[in-house]
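Coordinates from my_file.cif are shown below (mmCIF, C-alpha atoms).
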data_coords
loop_
_atom_site.group_PDB
_atom_site.id
_atom_site.type_symbol
_atom_site.label_atom_id
_atom_site.label_comp_id
_atom_site.auth_asym_id
_atom_site.auth_seq_id
_atom_site.Cartn_x
_atom_site.Cartn_y
_atom_site.Cartn_z
ATOM 1 C CA MET Y 1411 -35.415 -16.043 107.862
ATOM 2 C CA LYS Y 1412 -37.908 -13.501 109.120
ATOM 3 C CA SER Y 1413 -41.568 -14.009 108.618
ATOM 4 C CA THR Y 1414 -43.690 -11.712 106.504
ATOM 5 C CA LYS Y 1415 -45.477 -10.495 109.666
ATOM 6 C CA SER Y 1416 -42.247 -9.476 111.383
ATOM 7 C CA ILE Y 1417 -40.992 -7.680 108.256
ATOM 8 C CA LYS Y 1418 -44.311 -5.868 107.969
ATOM 9 C CA ARG Y 1419 -44.103 -4.864 111.680
ATOM 10 C CA MET Y 1420 -40.536 -3.583 111.211
ATOM 11 C CA ARG Y 1421 -41.609 -1.501 108.221
ATOM 12 C CA GLU Y 1422 -44.518 -0.059 110.188
ATOM 13 C CA GLU Y 1423 -42.119 0.869 113.001
ATOM 14 C CA GLU Y 1424 -39.771 2.514 110.481
ATOM 15 C CA VAL Y 1425 -42.670 4.549 109.081
ATOM 16 C CA VAL Y 1426 -43.536 5.733 112.597
ATOM 17 C CA ILE Y 1427 -39.903 6.694 113.286
ATOM 18 C CA ILE Y 1428 -39.635 8.556 109.979
ATOM 19 C CA SER Y 1429 -42.898 10.427 110.567
ATOM 20 C CA GLU Y 1430 -41.822 11.340 114.112
ATOM 21 C CA THR Y 1431 -38.507 12.619 112.732
ATOM 22 C CA GLU Y 1432 -40.400 14.733 110.195
ATOM 23 C CA ASN Y 1433 -42.614 16.098 112.985
ATOM 24 C CA ILE Y 1434 -39.528 17.039 115.033
ATOM 25 C CA ARG Y 1435 -38.048 18.827 112.015
ATOM 26 C CA LYS Y 1436 -41.185 20.977 111.887
ATOM 27 C CA LEU Y 1437 -40.709 22.109 115.502
ATOM 28 C CA THR Y 1438 -39.428 25.626 116.111
ATOM 29 C CA ALA Y 1439 -38.045 27.690 118.974
ATOM 30 C CA LYS Y 1440 -41.609 28.883 119.633
ATOM 31 C CA ASP Y 1441 -42.606 25.307 120.497
ATOM 32 C CA ALA Y 1442 -39.824 24.953 123.077
ATOM 33 C CA MET Y 1443 -39.779 28.427 124.605
ATOM 34 C CA ILE Y 1444 -40.802 29.186 128.147
ATOM 35 C CA LYS Y 1445 -41.720 32.439 129.854
ATOM 36 C CA ALA Y 1446 -38.821 34.838 130.353
ATOM 37 C CA VAL Y 1447 -38.280 36.871 133.525
ATOM 38 C CA PHE Y 1448 -37.986 40.505 132.457
ATOM 39 C CA VAL Y 1449 -36.281 43.462 134.070
ATOM 40 C CA TYR Y 1450 -36.139 46.951 132.657
ATOM 41 C CA GLN Y 1451 -32.994 48.969 132.034
ATOM 42 C CA ASP Y 1452 -33.659 51.316 134.973
ATOM 43 C CA ASP Y 1453 -34.358 48.558 137.543
ATOM 44 C CA ASP Y 1454 -31.796 48.559 140.346
ATOM 45 C CA ALA Y 1455 -29.777 45.584 141.617
ATOM 46 C CA GLY Y 1456 -32.072 45.161 144.623
ATOM 47 C CA ARG Y 1457 -35.108 44.736 142.392
ATOM 48 C CA ILE Y 1458 -33.215 42.348 140.088
ATOM 49 C CA ILE Y 1459 -32.207 40.181 143.054
ATOM 50 C CA LYS Y 1460 -35.817 40.094 144.290
ATOM 51 C CA LYS Y 1461 -37.041 39.007 140.849
ATOM 52 C CA LEU Y 1462 -34.414 36.283 140.590
ATOM 53 C CA LYS Y 1463 -35.447 34.933 143.992
ATOM 54 C CA ARG Y 1464 -39.200 35.301 143.488
ATOM 55 C CA GLU Y 1465 -39.197 33.665 140.051
ATOM 56 C CA ASP Y 1466 -36.689 30.994 141.190
ATOM 57 C CA THR Y 1467 -34.481 31.530 138.152
ATOM 58 C CA ASN Y 1468 -30.849 32.350 137.562
ATOM 59 C CA VAL Y 1469 -31.253 34.879 134.755
ATOM 60 C CA CYS Y 1470 -33.336 37.943 133.942
ATOM 61 C CA ILE Y 1471 -33.731 39.297 130.426
ATOM 62 C CA VAL Y 1472 -33.159 43.056 130.223
ATOM 63 C CA VAL Y 1473 -35.639 44.770 127.921
ATOM 64 C CA THR Y 1474 -36.746 48.244 126.924
ATOM 65 C CA LYS Y 1475 -40.205 49.436 127.942
ATOM 66 C CA ASP Y 1476 -41.660 47.980 124.723
ATOM 67 C CA LYS Y 1477 -39.957 44.554 125.325
ATOM 68 C CA GLY Y 1478 -37.050 45.218 122.937
ATOM 69 C CA PHE Y 1479 -34.103 42.944 123.724
ATOM 70 C CA VAL Y 1480 -31.099 44.558 125.441
ATOM 71 C CA GLY Y 1481 -29.276 41.638 127.091
ATOM 72 C CA GLU Y 1482 -29.372 39.642 130.303
ATOM 73 C CA ILE Y 1483 -28.211 39.592 133.891
ATOM 74 C CA SER Y 1484 -27.517 36.340 135.685
ATOM 75 C CA ASN Y 1485 -27.103 35.635 139.364
ATOM 76 C CA GLU Y 1486 -23.438 34.894 138.578
ATOM 77 C CA ASP Y 1487 -23.024 38.453 137.252
ATOM 78 C CA LEU Y 1488 -24.435 39.878 140.472
ATOM 79 C CA ILE Y 1489 -22.224 37.656 142.633
ATOM 80 C CA ARG Y 1490 -19.150 38.643 140.589
ATOM 81 C CA LEU Y 1491 -19.960 42.355 141.058
ATOM 82 C CA PHE Y 1492 -20.603 41.893 144.754
ATOM 83 C CA LEU Y 1493 -17.304 40.024 145.240
ATOM 84 C CA ARG Y 1494 -15.393 42.673 143.313
ATOM 85 C CA GLN Y 1495 -16.773 45.344 145.614
ATOM 86 C CA VAL Y 1496 -16.121 43.277 148.734
ATOM 87 C CA ARG Y 1497 -12.462 43.067 147.696
ATOM 88 C CA TYR Y 1498 -12.239 46.861 148.013
ATOM 89 C CA GLU Y 1499 -14.222 47.061 151.261
ATOM 90 C CA PRO Y 1500 -11.342 48.557 153.346
ATOM 91 C CA LEU Y 1501 -11.085 51.395 150.842
ATOM 92 C CA THR Y 1502 -14.835 51.969 150.895
ATOM 93 C CA LYS Y 1503 -14.747 52.162 154.714
ATOM 94 C CA ILE Y 1504 -12.005 54.793 154.566
ATOM 95 C CA LEU Y 1505 -13.998 56.769 151.998
ATOM 96 C CA ASN Y 1506 -17.130 56.332 154.146
ATOM 97 C CA ILE Y 1507 -19.193 54.627 151.458
ATOM 98 C CA GLY Y 1508 -20.367 51.062 151.789
ATOM 99 C CA TYR Y 1509 -19.991 48.507 149.048
ATOM 100 C CA ARG Y 1510 -23.574 47.362 149.627
ATOM 101 C CA ARG Y 1511 -24.849 50.836 148.955
ATOM 102 C CA GLU Y 1512 -22.918 51.167 145.701
ATOM 103 C CA PHE Y 1513 -23.930 47.654 144.678
ATOM 104 C CA LEU Y 1514 -27.637 48.199 145.268
ATOM 105 C CA TYR Y 1515 -27.665 51.428 143.286
ATOM 106 C CA LYS Y 1516 -26.364 49.828 140.100
ATOM 107 C CA ARG Y 1517 -28.965 49.773 137.338
ATOM 108 C CA ALA Y 1518 -29.701 46.959 134.913
ATOM 109 C CA LYS Y 1519 -28.312 49.018 132.028
ATOM 110 C CA GLU Y 1520 -24.951 49.098 133.899
ATOM 111 C CA LEU Y 1521 -24.993 45.366 134.682
ATOM 112 C CA VAL Y 1522 -26.328 43.969 131.410
ATOM 113 C CA ASN Y 1523 -24.461 41.403 129.312
ATOM 114 C CA LYS Y 1524 -25.018 41.241 125.602
ATOM 115 C CA HIS Y 1525 -26.029 37.739 124.598
ATOM 116 C CA LYS Y 1526 -23.994 36.274 121.748
ATOM 117 C CA SER Y 1527 -26.937 34.458 120.200
ATOM 118 C CA THR Y 1528 -30.665 34.789 119.948
ATOM 119 C CA LEU Y 1529 -33.347 32.750 118.247
ATOM 120 C CA TYR Y 1530 -36.443 33.789 116.386
ATOM 121 C CA LEU Y 1531 -39.869 32.243 116.857
ATOM 122 C CA ASP Y 1532 -39.551 30.303 113.603
ATOM 123 C CA THR Y 1533 -35.961 29.083 114.119
ATOM 124 C CA PRO Y 1534 -35.915 25.291 113.611
ATOM 125 C CA ILE Y 1535 -35.533 23.361 116.855
ATOM 126 C CA ASN Y 1536 -32.431 21.607 115.508
ATOM 127 C CA GLN Y 1537 -30.630 24.967 115.317
ATOM 128 C CA ALA Y 1538 -31.661 25.764 118.897
ATOM 129 C CA ILE Y 1539 -30.353 22.403 120.086
ATOM 130 C CA GLU Y 1540 -27.092 22.937 118.206
ATOM 131 C CA LEU Y 1541 -26.565 26.378 119.780
ATOM 132 C CA ILE Y 1542 -27.265 25.127 123.285
ATOM 133 C CA TYR Y 1543 -24.895 22.205 122.819
ATOM 134 C CA LYS Y 1544 -22.148 24.040 120.897
ATOM 135 C CA GLU Y 1545 -22.087 27.192 123.031
ATOM 136 C CA SER Y 1546 -23.099 25.545 126.344
ATOM 137 C CA PHE Y 1547 -25.919 28.071 126.779
ATOM 138 C CA GLN Y 1548 -28.292 27.620 129.674
ATOM 139 C CA TYR Y 1549 -30.871 29.819 127.937
ATOM 140 C CA ILE Y 1550 -31.289 31.587 124.622
ATOM 141 C CA PRO Y 1551 -33.690 34.528 124.204
ATOM 142 C CA VAL Y 1552 -36.412 34.067 121.563
ATOM 143 C CA LEU Y 1553 -37.339 37.188 119.572
ATOM 144 C CA ASP Y 1554 -40.177 37.953 117.210
ATOM 145 C CA LYS Y 1555 -39.613 39.615 113.830
ATOM 146 C CA ASN Y 1556 -39.663 43.047 115.546
ATOM 147 C CA LYS Y 1557 -36.807 41.941 117.858
ATOM 148 C CA LYS Y 1558 -39.069 41.899 120.903
ATOM 149 C CA VAL Y 1559 -38.443 39.179 123.462
ATOM 150 C CA ARG Y 1560 -41.169 36.539 123.581
ATOM 151 C CA GLY Y 1561 -39.486 33.938 125.800
ATOM 152 C CA VAL Y 1562 -36.376 31.834 126.287
ATOM 153 C CA VAL Y 1563 -35.321 28.352 125.253
ATOM 154 C CA THR Y 1564 -33.446 26.257 127.806
ATOM 155 C CA PRO Y 1565 -32.027 22.736 127.675
ATOM 156 C CA SER Y 1566 -34.841 21.533 129.935
ATOM 157 C CA SER Y 1567 -37.538 23.216 127.812
ATOM 158 C CA ILE Y 1568 -36.177 21.393 124.756
ATOM 159 C CA LEU Y 1569 -36.112 18.095 126.648
ATOM 160 C CA ASN Y 1570 -39.700 18.637 127.790
ATOM 161 C CA LEU Y 1571 -40.767 19.318 124.211
ATOM 162 C CA LEU Y 1572 -38.967 16.305 122.743
ATOM 163 C CA ARG Y 1573 -40.203 14.004 125.495
ATOM 164 C CA ASN Y 1574 -43.659 14.322 123.967
ATOM 165 C CA TYR Y 1575 -42.441 13.067 120.553
#
Written form, structure tokens:
Amino acid sequence: MKSTKSIKRMREEEVVIISETENIRKLTAKDAMIKAVFVYQDDDAGRIIKKLKREDTNVCIVVTKDKGFVGEISNEDLIRLFLRQVRYEPLTKILNIGYRREFLYKRAKELVNKHKSTLYLDTPINQAIELIYKESFQYIPVLDKNKKVRGVVTPSSILNLLRNY
């Protein structure tokens, strides 16, 4: 039979766990978001590649001049486009245009992908976790009530947040 002290200690531990769970439930996407790397709709592929390399990221969020959300471009999208153009390289040589030239003149508005899901600043963290897990997202844009991008939530940003709880 357990002593009164050990039962009291177990109850205290349960209270701490319950209060921590309640604190986690109060967390929102705003608490987990990190800075997004922005590109504008008229930025060309060369500039997008430079930003991806400079910021050491694999995705840029495409926005309007006033930070309205348009979509995103990942390094995988750029590689896919580049490989598609390389496939037709013999034809581009015959036509006297290089695939690199065509590739570098593409604009963000031509390369953008629409993201299936977004979060808002006040979206509960549990919903963000569910989306990342269910949809296998590597990032989810976080918007304010005016649909302007404020940041992104990633699996590692969520882990960093929860590590502190």
**Request:** Let me know the residues the PyMOL selection byres ((chain Y and resi 1569) around 12) catches in the file above, as a ChimeraX atom specification.
**Result:** /Y:1441-1443,1535,1538-1539,1542,1563-1568,1570-1575
Generate a file of the selected residues that holds C-alpha atoms, formatted as an mmCIF file, in the frame of the given file.
data_model
loop_
_atom_site.group_PDB
_atom_site.id
_atom_site.type_symbol
_atom_site.label_atom_id
_atom_site.label_comp_id
_atom_site.auth_asym_id
_atom_site.auth_seq_id
_atom_site.Cartn_x
_atom_site.Cartn_y
_atom_site.Cartn_z
ATOM 1 C CA ASP Y 1441 -42.606 25.307 120.497
ATOM 2 C CA ALA Y 1442 -39.824 24.953 123.077
ATOM 3 C CA MET Y 1443 -39.779 28.427 124.605
ATOM 4 C CA ILE Y 1535 -35.533 23.361 116.855
ATOM 5 C CA ALA Y 1538 -31.661 25.764 118.897
ATOM 6 C CA ILE Y 1539 -30.353 22.403 120.086
ATOM 7 C CA ILE Y 1542 -27.265 25.127 123.285
ATOM 8 C CA VAL Y 1563 -35.321 28.352 125.253
ATOM 9 C CA THR Y 1564 -33.446 26.257 127.806
ATOM 10 C CA PRO Y 1565 -32.027 22.736 127.675
ATOM 11 C CA SER Y 1566 -34.841 21.533 129.935
ATOM 12 C CA SER Y 1567 -37.538 23.216 127.812
ATOM 13 C CA ILE Y 1568 -36.177 21.393 124.756
ATOM 14 C CA ASN Y 1570 -39.700 18.637 127.790
ATOM 15 C CA LEU Y 1571 -40.767 19.318 124.211
ATOM 16 C CA LEU Y 1572 -38.967 16.305 122.743
ATOM 17 C CA ARG Y 1573 -40.203 14.004 125.495
ATOM 18 C CA ASN Y 1574 -43.659 14.322 123.967
ATOM 19 C CA TYR Y 1575 -42.441 13.067 120.553
#
**Request:** Could you list the residues chosen by the PyMOL selection byres ((chain Y and resi 1463-1465) around 12) in this structure as a ChimeraX atom specification?
**Result:** /Y:1445-1449,1456-1462,1466-1470,1484-1485
**Request:** Mind checking which residues fall within 10 Å of Y:Ser1527, counting only C-alpha atoms, ignoring those fewer than 3 positions away in the same chain, and posting them as JSON, numbers by chain?
**Result:** {"Y": [1524, 1538, 1541, 1542, 1545, 1547, 1549, 1550, 1551, 1552]}
Once you have the residues from the selection above, write them out as a compact mmCIF listing (two decimals), keeping the file's coordinate frame, restricted to C-alpha atoms.
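In the end it all went to result32.txt:
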# COMPACT_ATOMS: atom_id res chain seq x y z
CA LYS Y 1524 -25.02 41.24 125.60
CA ALA Y 1538 -31.66 25.76 118.90
CA LEU Y 1541 -26.56 26.38 119.78
CA ILE Y 1542 -27.26 25.13 123.28
CA GLU Y 1545 -22.09 27.19 123.03
CA PHE Y 1547 -25.92 28.07 126.78
CA TYR Y 1549 -30.87 29.82 127.94
CA ILE Y 1550 -31.29 31.59 124.62
CA PRO Y 1551 -33.69 34.53 124.20
CA VAL Y 1552 -36.41 34.07 121.56
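Proximity of Y:Leu1553, Y:Thr1474, Y:Tyr1450, Y:Asn1523 to Y:Glu1486, computed with all atoms listed in the file, is greatest for Y:Asn1523.
Distances to Y:Arg1560 were evaluated for Y:Lys1440, Y:Lys1526, Y:Arg1490, Y:Lys1415 using all atoms listed in the file, and the minimum falls at Y:Lys1440.
The space separating atom CA of Y:Asn1556 from atom CA of Y:Val1473 comes to 13.1 Å.
Distance-wise, atom CA of Y:Val1472 and atom CA of Y:Glu1540 end up 24.2 Å apart.
The coordinates place atom CA of Y:Pro1534 at 7.0 Å from atom CA of Y:Lys1436.
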**Asked** Which residues, written as a list of chain:residue names, have at least one atom at most 6 Å from Y:Arg1517, with only C-alpha atoms counted and residues fewer than 6 positions away on the same chain left out?
**Response** Y:Asp1452, Y:Asp1453, Y:Asp1454
Any chance you could export stretch 1434-1558 of chain Y with C-alpha atoms, as a PDB file, in the first residue's frame?
ATOM      1  CA  ILE Y1434      -0.441  23.823 -24.393  1.00  0.00           C
ATOM      2  CA  ARG Y1435      -4.113  24.078 -25.366  1.00  0.00           C
ATOM      3  CA  LYS Y1436      -3.812  27.860 -25.084  1.00  0.00           C
ATOM      4  CA  LEU Y1437      -0.920  27.943 -27.574  1.00  0.00           C
ATOM      5  CA  THR Y1438      -1.631  29.177 -31.088  1.00  0.00           C
ATOM      6  CA  ALA Y1439       0.062  29.226 -34.480  1.00  0.00           C
ATOM      7  CA  LYS Y1440       1.455  32.658 -33.565  1.00  0.00           C
ATOM      8  CA  ASP Y1441       3.448  31.054 -30.739  1.00  0.00           C
ATOM      9  CA  ALA Y1442       5.060  28.505 -33.068  1.00  0.00           C
ATOM     10  CA  MET Y1443       5.580  30.582 -36.201  1.00  0.00           C
ATOM     11  CA  ILE Y1444       8.957  31.574 -37.538  1.00  0.00           C
ATOM     12  CA  LYS Y1445       9.990  34.230 -40.030  1.00  0.00           C
ATOM     13  CA  ALA Y1446       8.964  33.521 -43.615  1.00  0.00           C
ATOM     14  CA  VAL Y1447      11.205  34.167 -46.624  1.00  0.00           C
ATOM     15  CA  PHE Y1448       9.225  36.359 -49.011  1.00  0.00           C
ATOM     16  CA  VAL Y1449       9.447  36.833 -52.750  1.00  0.00           C
ATOM     17  CA  TYR Y1450       7.231  39.075 -54.812  1.00  0.00           C
ATOM     18  CA  GLN Y1451       5.195  38.022 -57.828  1.00  0.00           C
ATOM     19  CA  ASP Y1452       7.511  39.807 -60.286  1.00  0.00           C
ATOM     20  CA  ASP Y1453      10.776  38.369 -58.882  1.00  0.00           C
ATOM     21  CA  ASP Y1454      12.571  36.197 -61.429  1.00  0.00           C
ATOM     22  CA  ALA Y1455      13.869  32.648 -60.916  1.00  0.00           C
ATOM     23  CA  GLY Y1456      17.436  33.892 -60.463  1.00  0.00           C
ATOM     24  CA  ARG Y1457      16.417  36.108 -57.560  1.00  0.00           C
ATOM     25  CA  ILE Y1458      14.322  33.310 -56.019  1.00  0.00           C
ATOM     26  CA  ILE Y1459      17.283  30.919 -56.171  1.00  0.00           C
ATOM     27  CA  LYS Y1460      19.540  33.520 -54.526  1.00  0.00           C
ATOM     28  CA  LYS Y1461      17.024  34.023 -51.710  1.00  0.00           C
ATOM     29  CA  LEU Y1462      16.667  30.291 -51.135  1.00  0.00           C
ATOM     30  CA  LYS Y1463      20.446  29.947 -50.884  1.00  0.00           C
ATOM     31  CA  ARG Y1464      21.034  33.084 -48.813  1.00  0.00           C
ATOM     32  CA  GLU Y1465      18.285  32.299 -46.301  1.00  0.00           C
ATOM     33  CA  ASP Y1466      19.236  28.582 -46.238  1.00  0.00           C
ATOM     34  CA  THR Y1467      15.637  27.479 -46.711  1.00  0.00           C
ATOM     35  CA  ASN Y1468      13.782  25.282 -49.149  1.00  0.00           C
ATOM     36  CA  VAL Y1469      10.693  27.433 -49.666  1.00  0.00           C
ATOM     37  CA  CYS Y1470       9.814  31.053 -50.383  1.00  0.00           C
ATOM     38  CA  ILE Y1471       6.364  32.497 -49.778  1.00  0.00           C
ATOM     39  CA  VAL Y1472       5.061  34.491 -52.750  1.00  0.00           C
ATOM     40  CA  VAL Y1473       3.273  37.662 -51.686  1.00  0.00           C
ATOM     41  CA  THR Y1474       1.824  40.815 -53.186  1.00  0.00           C
ATOM     42  CA  LYS Y1475       3.516  44.139 -52.469  1.00  0.00           C
ATOM     43  CA  ASP Y1476       1.366  44.565 -49.339  1.00  0.00           C
ATOM     44  CA  LYS Y1477       2.258  41.019 -48.062  1.00  0.00           C
ATOM     45  CA  GLY Y1478      -0.989  39.414 -49.278  1.00  0.00           C
ATOM     46  CA  PHE Y1479      -0.595  35.645 -49.617  1.00  0.00           C
ATOM     47  CA  VAL Y1480      -0.336  34.257 -53.165  1.00  0.00           C
ATOM     48  CA  GLY Y1481       1.355  30.863 -52.727  1.00  0.00           C
ATOM     49  CA  GLU Y1482       4.836  29.404 -52.468  1.00  0.00           C
ATOM     50  CA  ILE Y1483       7.792  28.207 -54.482  1.00  0.00           C
ATOM     51  CA  SER Y1484      10.043  25.450 -53.216  1.00  0.00           C
ATOM     52  CA  ASN Y1485      13.474  24.395 -54.364  1.00  0.00           C
ATOM     53  CA  GLU Y1486      11.821  21.185 -55.614  1.00  0.00           C
ATOM     54  CA  ASP Y1487       9.585  23.259 -57.916  1.00  0.00           C
ATOM     55  CA  LEU Y1488      12.617  24.999 -59.388  1.00  0.00           C
ATOM     56  CA  ILE Y1489      14.485  21.717 -59.875  1.00  0.00           C
ATOM     57  CA  ARG Y1490      11.423  20.167 -61.555  1.00  0.00           C
ATOM     58  CA  LEU Y1491      11.171  23.131 -63.963  1.00  0.00           C
ATOM     59  CA  PHE Y1492      14.879  23.038 -64.691  1.00  0.00           C
ATOM     60  CA  LEU Y1493      14.789  19.283 -65.407  1.00  0.00           C
ATOM     61  CA  ARG Y1494      11.771  19.678 -67.672  1.00  0.00           C
ATOM     62  CA  GLN Y1495      13.638  22.266 -69.709  1.00  0.00           C
ATOM     63  CA  VAL Y1496      16.824  20.198 -69.790  1.00  0.00           C
ATOM     64  CA  ARG Y1497      14.807  17.354 -71.324  1.00  0.00           C
ATOM     65  CA  TYR Y1498      14.081  19.596 -74.323  1.00  0.00           C
ATOM     66  CA  GLU Y1499      17.620  20.983 -74.592  1.00  0.00           C
ATOM     67  CA  PRO Y1500      18.283  19.585 -78.125  1.00  0.00           C
ATOM     68  CA  LEU Y1501      15.193  21.407 -79.360  1.00  0.00           C
ATOM     69  CA  THR Y1502      16.242  24.631 -77.656  1.00  0.00           C
ATOM     70  CA  LYS Y1503      19.676  24.390 -79.323  1.00  0.00           C
ATOM     71  CA  ILE Y1504      18.045  24.000 -82.737  1.00  0.00           C
ATOM     72  CA  LEU Y1505      15.798  26.989 -82.038  1.00  0.00           C
ATOM     73  CA  ASN Y1506      18.835  28.930 -80.765  1.00  0.00           C
ATOM     74  CA  ILE Y1507      17.421  29.617 -77.314  1.00  0.00           C
ATOM     75  CA  GLY Y1508      18.976  28.197 -74.188  1.00  0.00           C
ATOM     76  CA  TYR Y1509      16.983  26.483 -71.492  1.00  0.00           C
ATOM     77  CA  ARG Y1510      18.893  28.435 -68.842  1.00  0.00           C
ATOM     78  CA  ARG Y1511      17.794  31.691 -70.371  1.00  0.00           C
ATOM     79  CA  GLU Y1512      14.132  30.685 -70.454  1.00  0.00           C
ATOM     80  CA  PHE Y1513      14.381  29.279 -66.937  1.00  0.00           C
ATOM     81  CA  LEU Y1514      15.916  32.411 -65.444  1.00  0.00           C
ATOM     82  CA  TYR Y1515      13.295  34.660 -67.001  1.00  0.00           C
ATOM     83  CA  LYS Y1516      10.372  32.889 -65.352  1.00  0.00           C
ATOM     84  CA  ARG Y1517       8.640  35.052 -62.760  1.00  0.00           C
ATOM     85  CA  ALA Y1518       7.340  33.995 -59.364  1.00  0.00           C
ATOM     86  CA  LYS Y1519       3.750  34.483 -60.533  1.00  0.00           C
ATOM     87  CA  GLU Y1520       4.426  31.825 -63.232  1.00  0.00           C
ATOM     88  CA  LEU Y1521       6.092  29.400 -60.807  1.00  0.00           C
ATOM     89  CA  VAL Y1522       3.842  29.776 -57.768  1.00  0.00           C
ATOM     90  CA  ASN Y1523       1.987  26.867 -56.163  1.00  0.00           C
ATOM     91  CA  LYS Y1524      -1.211  27.477 -54.294  1.00  0.00           C
ATOM     92  CA  HIS Y1525      -0.948  26.077 -50.791  1.00  0.00           C
ATOM     93  CA  LYS Y1526      -3.821  23.807 -49.789  1.00  0.00           C
ATOM     94  CA  SER Y1527      -3.892  25.006 -46.195  1.00  0.00           C
ATOM     95  CA  THR Y1528      -3.070  28.081 -44.211  1.00  0.00           C
ATOM     96  CA  LEU Y1529      -3.305  28.949 -40.545  1.00  0.00           C
ATOM     97  CA  TYR Y1530      -4.332  32.122 -38.812  1.00  0.00           C
ATOM     98  CA  LEU Y1531      -2.468  33.705 -35.919  1.00  0.00           C
ATOM     99  CA  ASP Y1532      -5.070  32.471 -33.436  1.00  0.00           C
ATOM    100  CA  THR Y1533      -5.384  28.909 -34.800  1.00  0.00           C
ATOM    101  CA  PRO Y1534      -4.915  26.478 -31.883  1.00  0.00           C
ATOM    102  CA  ILE Y1535      -1.567  24.695 -31.958  1.00  0.00           C
ATOM    103  CA  ASN Y1536      -3.311  21.308 -31.936  1.00  0.00           C
ATOM    104  CA  GLN Y1537      -4.877  22.107 -35.324  1.00  0.00           C
ATOM    105  CA  ALA Y1538      -1.472  23.126 -36.698  1.00  0.00           C
ATOM    106  CA  ILE Y1539       0.063  19.878 -35.468  1.00  0.00           C
ATOM    107  CA  GLU Y1540      -2.792  17.880 -36.989  1.00  0.00           C
ATOM    108  CA  LEU Y1541      -2.368  19.566 -40.392  1.00  0.00           C
ATOM    109  CA  ILE Y1542       1.379  19.023 -40.441  1.00  0.00           C
ATOM    110  CA  TYR Y1543       0.961  15.375 -39.496  1.00  0.00           C
ATOM    111  CA  LYS Y1544      -2.102  14.609 -41.650  1.00  0.00           C
ATOM    112  CA  GLU Y1545      -0.949  16.420 -44.794  1.00  0.00           C
ATOM    113  CA  SER Y1546       2.817  15.876 -44.304  1.00  0.00           C
ATOM    114  CA  PHE Y1547       3.443  19.615 -44.693  1.00  0.00           C
ATOM    115  CA  GLN Y1548       6.940  20.909 -44.131  1.00  0.00           C
ATOM    116  CA  TYR Y1549       5.579  24.424 -43.582  1.00  0.00           C
ATOM    117  CA  ILE Y1550       2.217  26.136 -43.342  1.00  0.00           C
ATOM    118  CA  PRO Y1551       1.828  29.888 -43.941  1.00  0.00           C
ATOM    119  CA  VAL Y1552       0.347  31.873 -41.033  1.00  0.00           C
ATOM    120  CA  LEU Y1553      -1.982  34.740 -41.995  1.00  0.00           C
ATOM    121  CA  ASP Y1554      -3.480  37.579 -40.016  1.00  0.00           C
ATOM    122  CA  LYS Y1555      -7.173  38.480 -40.235  1.00  0.00           C
ATOM    123  CA  ASN Y1556      -6.441  40.588 -43.357  1.00  0.00           C
ATOM    124  CA  LYS Y1557      -4.910  37.520 -45.079  1.00  0.00           C
ATOM    125  CA  LYS Y1558      -1.411  38.981 -44.936  1.00  0.00           C
TER     126      LYS Y1558
END
